[in-house]
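Below is structure.tsv, holding TSV, N, CA and C atoms.
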chain	number	residue	atom	x	y	z
W	13	MET	N	111.98	121.04	84.50
W	13	MET	CA	110.81	120.19	84.53
W	13	MET	C	109.80	120.66	83.49
W	14	ARG	N	109.67	121.98	83.34
W	14	ARG	CA	108.73	122.51	82.36
W	14	ARG	C	109.10	122.08	80.95
W	15	LEU	N	110.42	122.04	80.66
W	15	LEU	CA	110.90	121.61	79.36
W	15	LEU	C	110.51	120.15	79.10
W	16	PHE	N	110.60	119.32	80.14
W	16	PHE	CA	110.22	117.92	80.01
W	16	PHE	C	108.76	117.80	79.60
W	17	TYR	N	107.88	118.56	80.25
W	17	TYR	CA	106.46	118.50	79.91
W	17	TYR	C	106.20	118.99	78.49
W	18	THR	N	106.94	120.01	78.07
W	18	THR	CA	106.79	120.51	76.70
W	18	THR	C	107.13	119.43	75.70
W	19	TYR	N	108.28	118.75	75.90
W	19	TYR	CA	108.69	117.69	74.99
W	19	TYR	C	107.73	116.52	75.04
W	20	THR	N	107.21	116.21	76.21
W	20	THR	CA	106.26	115.11	76.34
W	20	THR	C	104.98	115.41	75.58
W	21	ILE	N	104.50	116.63	75.66
W	21	ILE	CA	103.28	117.02	74.93
W	21	ILE	C	103.53	116.95	73.43
W	22	LEU	N	104.71	117.42	72.99
W	22	LEU	CA	105.04	117.34	71.56
W	22	LEU	C	105.09	115.89	71.09
W	23	ALA	N	105.69	115.03	71.89
W	23	ALA	CA	105.78	113.62	71.52
W	23	ALA	C	104.41	112.98	71.45
W	24	LEU	N	103.55	113.30	72.42
W	24	LEU	CA	102.19	112.75	72.42
W	24	LEU	C	101.43	113.24	71.19
W	25	ALA	N	101.56	114.50	70.86
W	25	ALA	CA	100.89	115.03	69.67
W	25	ALA	C	101.39	114.32	68.41
W	26	ALA	N	102.69	114.06	68.36
W	26	ALA	CA	103.25	113.37	67.19
W	26	ALA	C	102.70	111.95	67.07
W	27	VAL	N	102.58	111.26	68.19
W	27	VAL	CA	102.03	109.90	68.18
W	27	VAL	C	100.58	109.93	67.72
W	28	LEU	N	99.80	110.85	68.22
W	28	LEU	CA	98.40	110.95	67.82
W	28	LEU	C	98.26	111.29	66.34
W	29	LEU	N	99.09	112.19	65.86
W	29	LEU	CA	99.04	112.55	64.45
W	29	LEU	C	99.49	111.39	63.57
W	30	ALA	N	100.49	110.65	64.00
W	30	ALA	CA	100.96	109.51	63.22
W	30	ALA	C	99.88	108.45	63.10
W	31	GLY	N	99.03	108.33	64.11
W	31	GLY	CA	97.95	107.36	64.07
W	31	GLY	C	96.83	107.74	63.13
W	32	CYS	N	96.85	108.96	62.62
W	32	CYS	CA	95.79	109.42	61.72
W	32	CYS	C	95.96	108.93	60.30
W	33	GLY	N	97.09	108.37	59.97
W	33	GLY	CA	97.29	107.88	58.62
W	33	GLY	C	98.74	108.02	58.20
W	34	GLY	N	99.09	107.37	57.09
W	34	GLY	CA	100.47	107.33	56.65
W	34	GLY	C	100.89	108.49	55.77
W	35	THR	N	99.96	109.26	55.25
W	35	THR	CA	100.35	110.37	54.40
W	35	THR	C	99.57	111.61	54.74
W	36	HIS	N	100.06	112.73	54.32
W	36	HIS	CA	99.40	114.02	54.48
W	36	HIS	C	99.25	114.59	53.08
W	37	GLY	N	98.07	114.45	52.50
W	37	GLY	CA	97.92	114.81	51.09
W	37	GLY	C	98.78	113.88	50.27
W	38	SER	N	99.72	114.45	49.53
W	38	SER	CA	100.64	113.62	48.76
W	38	SER	C	101.99	113.50	49.44
W	39	SER	N	102.12	113.99	50.66
W	39	SER	CA	103.40	113.99	51.36
W	39	SER	C	103.45	112.84	52.37
W	40	PRO	N	104.35	111.87	52.16
W	40	PRO	CA	104.45	110.77	53.12
W	40	PRO	C	105.14	111.21	54.41
W	41	VAL	N	104.79	110.54	55.51
W	41	VAL	CA	105.44	110.85	56.78
W	41	VAL	C	106.88	110.35	56.74
W	42	PRO	N	107.76	110.95	57.53
W	42	PRO	CA	109.14	110.47	57.58
W	42	PRO	C	109.21	109.08	58.22
W	43	THR	N	110.33	108.42	58.04
W	43	THR	CA	110.55	107.15	58.72
W	43	THR	C	111.64	107.35	59.77
W	44	VAL	N	111.52	106.61	60.87
W	44	VAL	CA	112.46	106.78	61.98
W	44	VAL	C	112.77	105.44	62.62
W	45	SER	N	114.00	105.30	63.09
W	45	SER	CA	114.41	104.15	63.89
W	45	SER	C	115.19	104.69	65.08
W	46	ALA	N	114.77	104.32	66.28
W	46	ALA	CA	115.47	104.75	67.49
W	46	ALA	C	116.66	103.84	67.79
W	47	GLY	N	116.90	102.86	66.94
W	47	GLY	CA	118.04	101.96	67.12
W	47	GLY	C	117.62	100.66	67.78
W	48	ALA	N	118.59	99.77	67.90
W	48	ALA	CA	118.35	98.45	68.48
W	48	ALA	C	118.31	98.53	70.01
W	49	ASP	N	117.49	97.66	70.60
W	49	ASP	CA	117.47	97.55	72.06
W	49	ASP	C	118.87	97.17	72.55
W	50	GLN	N	119.20	97.62	73.77
W	50	GLN	CA	120.53	97.36	74.32
W	50	GLN	C	120.42	96.81	75.74
W	51	THR	N	121.44	96.08	76.15
W	51	THR	CA	121.60	95.65	77.54
W	51	THR	C	122.96	96.14	78.00
W	52	VAL	N	122.97	96.88	79.12
W	52	VAL	CA	124.20	97.49	79.62
W	52	VAL	C	124.31	97.25	81.12
W	53	ASN	N	125.49	97.53	81.66
W	53	ASN	CA	125.69	97.46	83.10
W	53	ASN	C	125.47	98.83	83.73
W	54	ALA	N	125.07	98.83	84.99
W	54	ALA	CA	124.86	100.08	85.73
W	54	ALA	C	126.12	100.93	85.70
W	55	ASN	N	125.93	102.24	85.73
W	55	ASN	CA	127.01	103.22	85.83
W	55	ASN	C	127.96	103.19	84.63
W	56	THR	N	127.46	102.79	83.45
W	56	THR	CA	128.27	102.84	82.23
W	56	THR	C	127.66	103.85	81.26
W	57	GLN	N	128.48	104.35	80.36
W	57	GLN	CA	128.01	105.31	79.36
W	57	GLN	C	127.22	104.57	78.29
W	58	VAL	N	126.05	105.11	77.95
W	58	VAL	CA	125.16	104.51	76.95
W	58	VAL	C	124.95	105.54	75.84
W	59	THR	N	125.03	105.10	74.60
W	59	THR	CA	124.75	105.97	73.46
W	59	THR	C	123.64	105.36	72.64
W	60	LEU	N	122.62	106.15	72.36
W	60	LEU	CA	121.53	105.73	71.48
W	60	LEU	C	121.67	106.50	70.18
W	61	LYS	N	121.63	105.79	69.06
W	61	LYS	CA	121.80	106.41	67.76
W	61	LYS	C	120.58	106.13	66.91
W	62	GLY	N	119.78	107.15	66.68
W	62	GLY	CA	118.60	107.02	65.85
W	62	GLY	C	118.90	107.40	64.41
W	63	GLN	N	118.01	106.98	63.52
W	63	GLN	CA	118.12	107.32	62.11
W	63	GLN	C	116.76	107.76	61.61
W	64	ALA	N	116.76	108.68	60.66
W	64	ALA	CA	115.49	109.16	60.11
W	64	ALA	C	115.70	109.56	58.66
W	65	THR	N	114.66	109.34	57.86
W	65	THR	CA	114.67	109.77	56.46
W	65	THR	C	113.31	110.35	56.12
W	66	ASP	N	113.33	111.17	55.10
W	66	ASP	CA	112.09	111.75	54.57
W	66	ASP	C	112.19	111.67	53.06
W	67	SER	N	111.31	110.92	52.44
W	67	SER	CA	111.42	110.64	51.01
W	67	SER	C	111.26	111.87	50.13
W	68	ASN	N	110.65	112.92	50.65
W	68	ASN	CA	110.46	114.11	49.80
W	68	ASN	C	111.10	115.36	50.37
W	69	GLY	N	112.08	115.21	51.21
W	69	GLY	CA	112.71	116.41	51.79
W	69	GLY	C	113.69	116.06	52.88
W	70	THR	N	113.81	116.96	53.82
W	70	THR	CA	114.77	116.78	54.90
W	70	THR	C	114.05	116.71	56.24
W	71	ILE	N	114.72	116.09	57.18
W	71	ILE	CA	114.23	116.04	58.55
W	71	ILE	C	114.51	117.40	59.17
W	72	GLY	N	113.45	118.04	59.67
W	72	GLY	CA	113.59	119.37	60.23
W	72	GLY	C	114.00	119.39	61.68
W	73	GLY	N	113.74	118.32	62.41
W	73	GLY	CA	114.10	118.29	63.82
W	73	GLY	C	113.80	116.94	64.43
W	74	SER	N	114.35	116.73	65.60
W	74	SER	CA	114.11	115.48	66.32
W	74	SER	C	114.18	115.74	67.81
W	75	ILE	N	113.45	114.93	68.55
W	75	ILE	CA	113.39	115.08	70.01
W	75	ILE	C	113.43	113.69	70.64
W	76	TRP	N	114.33	113.51	71.61
W	76	TRP	CA	114.38	112.30	72.42
W	76	TRP	C	113.62	112.55	73.72
W	77	ASN	N	112.88	111.56	74.18
W	77	ASN	CA	112.20	111.62	75.47
W	77	ASN	C	112.41	110.30	76.20
W	78	GLN	N	112.54	110.37	77.50
W	78	GLN	CA	112.56	109.15	78.30
W	78	GLN	C	111.11	108.84	78.65
W	79	VAL	N	110.69	107.63	78.31
W	79	VAL	CA	109.30	107.22	78.50
W	79	VAL	C	109.11	106.52	79.84
W	80	SER	N	110.08	105.68	80.23
W	80	SER	CA	109.92	104.95	81.49
W	80	SER	C	111.29	104.59	82.06
W	81	GLY	N	111.26	104.18	83.33
W	81	GLY	CA	112.47	103.77	84.03
W	81	GLY	C	113.02	104.89	84.90
W	82	PRO	N	114.03	104.58	85.71
W	82	PRO	CA	114.65	105.60	86.55
W	82	PRO	C	115.19	106.74	85.67
W	83	SER	N	114.97	107.96	86.10
W	83	SER	CA	115.34	109.13	85.31
W	83	SER	C	116.86	109.22	85.10
W	84	VAL	N	117.25	109.57	83.88
W	84	VAL	CA	118.65	109.83	83.57
W	84	VAL	C	118.75	111.25	83.02
W	85	ASN	N	119.94	111.82	83.06
W	85	ASN	CA	120.15	113.19	82.62
W	85	ASN	C	120.48	113.24	81.13
W	86	LEU	N	119.64	113.93	80.38
W	86	LEU	CA	119.86	114.19	78.97
W	86	LEU	C	119.87	115.70	78.79
W	87	SER	N	120.94	116.26	78.24
W	87	SER	CA	120.98	117.70	78.06
W	87	SER	C	120.05	118.10	76.93
W	88	THR	N	119.56	119.33	76.95
W	88	THR	CA	118.64	119.83	75.93
W	88	THR	C	119.30	119.79	74.56
W	89	GLN	N	120.56	120.21	74.45
W	89	GLN	CA	121.25	120.19	73.16
W	89	GLN	C	121.33	118.78	72.62
W	90	VAL	N	121.67	117.83	73.46
W	90	VAL	CA	121.82	116.46	73.02
W	90	VAL	C	120.47	115.87	72.65
W	91	ARG	N	119.42	116.19	73.39
W	91	ARG	CA	118.10	115.63	73.13
W	91	ARG	C	117.58	115.98	71.75
W	92	GLN	N	118.06	117.06	71.17
W	92	GLN	CA	117.55	117.51	69.88
W	92	GLN	C	118.34	116.95	68.69
W	93	SER	N	119.29	116.07	68.93
W	93	SER	CA	119.99	115.41	67.84
W	93	SER	C	119.47	113.98	67.74
W	94	ARG	N	119.94	113.25	66.75
W	94	ARG	CA	119.47	111.87	66.63
W	94	ARG	C	120.34	110.89	67.41
W	95	SER	N	121.33	111.39	68.14
W	95	SER	CA	122.14	110.56	69.03
W	95	SER	C	122.14	111.19	70.42
W	96	ILE	N	121.98	110.36	71.42
W	96	ILE	CA	122.06	110.84	72.80
W	96	ILE	C	122.94	109.90	73.60
W	97	SER	N	123.50	110.43	74.67
W	97	SER	CA	124.30	109.63	75.60
W	97	SER	C	123.88	109.95	77.01
W	98	PHE	N	124.03	108.97	77.88
W	98	PHE	CA	123.73	109.16	79.29
W	98	PHE	C	124.45	108.08	80.07
W	99	THR	N	124.54	108.26	81.37
W	99	THR	CA	125.12	107.25	82.24
W	99	THR	C	123.99	106.38	82.78
W	100	ALA	N	124.14	105.06	82.61
W	100	ALA	CA	123.12	104.13	83.10
W	100	ALA	C	123.01	104.27	84.62
W	101	PRO	N	121.80	104.30	85.15
W	101	PRO	CA	121.63	104.46	86.60
W	101	PRO	C	122.06	103.22	87.37
W	102	VAL	N	122.37	103.42	88.63
W	102	VAL	CA	122.66	102.30	89.52
W	102	VAL	C	121.33	101.66	89.89
W	103	VAL	N	121.21	100.35	89.69
W	103	VAL	CA	119.97	99.63	89.95
W	103	VAL	C	120.28	98.39	90.78
W	104	SER	N	119.27	97.88	91.50
W	104	SER	CA	119.47	96.69	92.32
W	104	SER	C	119.01	95.42	91.62
W	105	LYS	N	118.28	95.56	90.52
W	105	LYS	CA	117.82	94.41	89.72
W	105	LYS	C	117.74	94.88	88.27
W	106	PRO	N	117.71	93.95	87.31
W	106	PRO	CA	117.59	94.38	85.91
W	106	PRO	C	116.39	95.31	85.73
W	107	THR	N	116.64	96.44	85.10
W	107	THR	CA	115.64	97.50	84.96
W	107	THR	C	115.61	98.00	83.53
W	108	VAL	N	114.41	98.16	82.98
W	108	VAL	CA	114.26	98.62	81.60
W	108	VAL	C	113.97	100.12	81.57
W	109	LEU	N	114.74	100.84	80.77
W	109	LEU	CA	114.50	102.25	80.49
W	109	LEU	C	114.02	102.32	79.04
W	110	THR	N	112.97	103.07	78.79
W	110	THR	CA	112.45	103.21	77.43
W	110	THR	C	112.57	104.66	76.99
W	111	PHE	N	113.05	104.84	75.76
W	111	PHE	CA	113.22	106.17	75.18
W	111	PHE	C	112.48	106.22	73.85
W	112	SER	N	111.93	107.40	73.53
W	112	SER	CA	111.29	107.58	72.23
W	112	SER	C	112.04	108.65	71.46
W	113	LEU	N	112.09	108.46	70.15
W	113	LEU	CA	112.66	109.44	69.24
W	113	LEU	C	111.55	109.89	68.31
W	114	VAL	N	111.25	111.19	68.33
W	114	VAL	CA	110.25	111.78	67.44
W	114	VAL	C	110.99	112.66	66.44
W	115	VAL	N	110.71	112.46	65.15
W	115	VAL	CA	111.32	113.30	64.12
W	115	VAL	C	110.21	114.03	63.36
W	116	PHE	N	110.56	115.23	62.89
W	116	PHE	CA	109.63	116.08	62.16
W	116	PHE	C	110.24	116.43	60.82
W	117	ASP	N	109.41	116.43	59.76
W	117	ASP	CA	109.93	116.86	58.46
W	117	ASP	C	109.55	118.32	58.22
W	118	LYS	N	109.97	118.84	57.09
W	118	LYS	CA	109.73	120.27	56.78
W	118	LYS	C	108.25	120.59	56.60
W	119	ASP	N	107.41	119.55	56.36
W	119	ASP	CA	105.97	119.76	56.22
W	119	ASP	C	105.24	119.67	57.56
W	120	GLY	N	105.98	119.44	58.64
W	120	GLY	CA	105.36	119.34	59.96
W	120	GLY	C	104.85	117.95	60.29
W	121	LEU	N	105.10	116.98	59.42
W	121	LEU	CA	104.70	115.60	59.70
W	121	LEU	C	105.74	114.95	60.60
W	122	SER	N	105.32	113.97	61.37
W	122	SER	CA	106.23	113.36	62.33
W	122	SER	C	106.10	111.85	62.35
W	123	ALA	N	107.12	111.21	62.92
W	123	ALA	CA	107.13	109.77	63.12
W	123	ALA	C	107.85	109.51	64.44
W	124	THR	N	107.49	108.41	65.10
W	124	THR	CA	108.03	108.08	66.41
W	124	THR	C	108.47	106.62	66.46
W	125	ASP	N	109.57	106.36	67.15
W	125	ASP	CA	110.00	104.99	67.42
W	125	ASP	C	110.56	104.96	68.84
W	126	THR	N	110.56	103.77	69.44
W	126	THR	CA	111.08	103.63	70.80
W	126	THR	C	112.21	102.61	70.83
W	127	VAL	N	113.03	102.71	71.86
W	127	VAL	CA	114.12	101.77	72.10
W	127	VAL	C	114.17	101.50	73.60
W	128	ASN	N	114.45	100.24	73.96
W	128	ASN	CA	114.58	99.84	75.36
W	128	ASN	C	116.05	99.62	75.70
W	129	VAL	N	116.43	100.08	76.88
W	129	VAL	CA	117.77	99.84	77.41
W	129	VAL	C	117.59	99.09	78.73
W	130	THR	N	118.04	97.85	78.78
W	130	THR	CA	117.98	97.07	80.01
W	130	THR	C	119.28	97.30	80.77
W	131	VAL	N	119.16	97.78	82.00
W	131	VAL	CA	120.32	98.05	82.84
W	131	VAL	C	120.44	96.94	83.87
W	132	ASN	N	121.59	96.26	83.87
W	132	ASN	CA	121.86	95.23	84.86
W	132	ASN	C	122.62	95.84	86.03
W	133	PRO	N	122.38	95.32	87.24
W	133	PRO	CA	123.10	95.87	88.40
W	133	PRO	C	124.59	95.59	88.31
W	134	ALA	N	125.37	96.44	88.97
W	134	ALA	CA	126.81	96.21	89.03
W	134	ALA	C	127.08	94.97	89.86
W	135	VAL	N	128.15	94.25	89.55
W	135	VAL	CA	128.50	93.04	90.29
W	135	VAL	C	129.86	93.22	90.94
W	136	MET	N	130.06	92.54	92.05
W	136	MET	CA	131.33	92.58	92.76
W	136	MET	C	132.20	91.42	92.31
W	137	LEU	N	133.40	91.72	91.84
W	137	LEU	CA	134.39	90.70	91.48
W	137	LEU	C	135.66	90.99	92.24
W	138	LYS	N	135.99	90.11	93.20
W	138	LYS	CA	137.20	90.25	93.99
W	138	LYS	C	137.35	91.65	94.59
W	139	GLY	N	136.26	92.12	95.21
W	139	GLY	CA	136.29	93.41	95.88
W	139	GLY	C	136.23	94.61	94.95
W	140	LYS	N	135.97	94.39	93.67
W	140	LYS	CA	135.93	95.47	92.71
W	140	LYS	C	134.55	95.48	92.04
W	141	VAL	N	133.94	96.65	91.98
W	141	VAL	CA	132.62	96.78	91.35
W	141	VAL	C	132.85	96.91	89.84
W	142	THR	N	132.12	96.09	89.05
W	142	THR	CA	132.21	96.20	87.59
W	142	THR	C	130.84	96.38	87.00
Can the structure in the file be given as C-alpha cells, please?
Amino acid sequence: MRLFYTYTILALAAVLLAGCGGTHGSSPVPTVSAGADQTVNANTQVTLKGQATDSNGTIGGSIWNQVSGPSVNLSTQVRQSRSISFTAPVVSKPTVLTFSLVVFDKDGLSATDTVNVTVNPAVMLKGKVT
C-alpha cells in the first residue's frame, strides 16, 4: 500500500509539473500515449501498451497507476515498463477502469496520459460463463 501512495504522489507531481508549461529551458517535455481505450469482458487478460518519445534524449523511466475502478493487481516490475497486463475484474455491470502512464526523461521532465478500460460482465451461454 505504501508503494501505491509513493507512485500516486509521483504521478500527481508529474501532472502538476506538466501543467507549468511545455518546455524546461530549451528542453521539451517527452510525449506519451497510454494507448487506445479498450472494452473487454470480465475475467480476461488485458494488456495496455504505452509509447513514449523524447526529442532530445531517452526516456529514463515510466510508471503505471490505476486511477479509478475496482482494484486490479499490477506487479511492481510490470508497472515500471510501458506495457502492463492484468486480469479484468468480475463486475455486475459495465465498469470503467482508468490507468495513467507517467514517463520521465533524463532531464527529469515528465508527461502523463490516461487510458480507459471498460469491463463488461460475464454472460451465461448455455450454462457456460464467457
Residue contacts of Thr59 in chain W (6.5 Å, all atoms listed in the file) excluding same-chain residues fewer than 6 positions away, as a list in words: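 Residues meeting the cut-off are Ser95, Ile96, Ser97 and Phe98 of chain W.
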Neighbour list for Thr130 in chain W as a PyMOL selection string, cut-off 5 Å, all atoms listed in the file, skip fewer than 3 positions in-chain: chain W and resi 50-52+107-109
Could you write those residues out with N, CA and C atoms, as a short mmCIF file (atom, residue, chain, number, x, y, z; two decimals), in the coordinates of the input?
data_model
loop_
_atom_site.label_atom_id
_atom_site.label_comp_id
_atom_site.auth_asym_id
_atom_site.auth_seq_id
_atom_site.Cartn_x
_atom_site.Cartn_y
_atom_site.Cartn_z
N GLN W 50 119.20 97.62 73.77
CA GLN W 50 120.53 97.36 74.32
C GLN W 50 120.42 96.81 75.74
N THR W 51 121.44 96.08 76.15
CA THR W 51 121.60 95.65 77.54
C THR W 51 122.96 96.14 78.00
N VAL W 52 122.97 96.88 79.12
CA VAL W 52 124.20 97.49 79.62
C VAL W 52 124.31 97.25 81.12
N THR W 107 116.64 96.44 85.10
CA THR W 107 115.64 97.50 84.96
C THR W 107 115.61 98.00 83.53
N VAL W 108 114.41 98.16 82.98
CA VAL W 108 114.26 98.62 81.60
C VAL W 108 113.97 100.12 81.57
N LEU W 109 114.74 100.84 80.77
CA LEU W 109 114.50 102.25 80.49
C LEU W 109 114.02 102.32 79.04
#
Residues near Ser45 in chain W, cut-off 9 Å, only C-alpha atoms, skip fewer than 6 positions along chain, as a PyMOL selection string: chain W and resi 61-64+113+124-127
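Pairwise distance (atom C of Thr43 in chain W, CA of Val129 in chain W) equals 20.1 Å.
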Those in range 30-120 of chain W with strand (DSSP E) from DSSP, as number ranges by chain: W: 35-36, 39-40, 43-45, 50-53, 57-61, 63-65, 71-80, 95-99, 107-117
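Nearest residue to Val79 in chain W among W:Ser112, W:Val44, W:Asp49, W:Val58 is W:Ser112, counting only N, CA and C atoms.
For the pair atom N of Leu60 in chain W and atom C of Ser39 in chain W, the separation is 28.5 Å.
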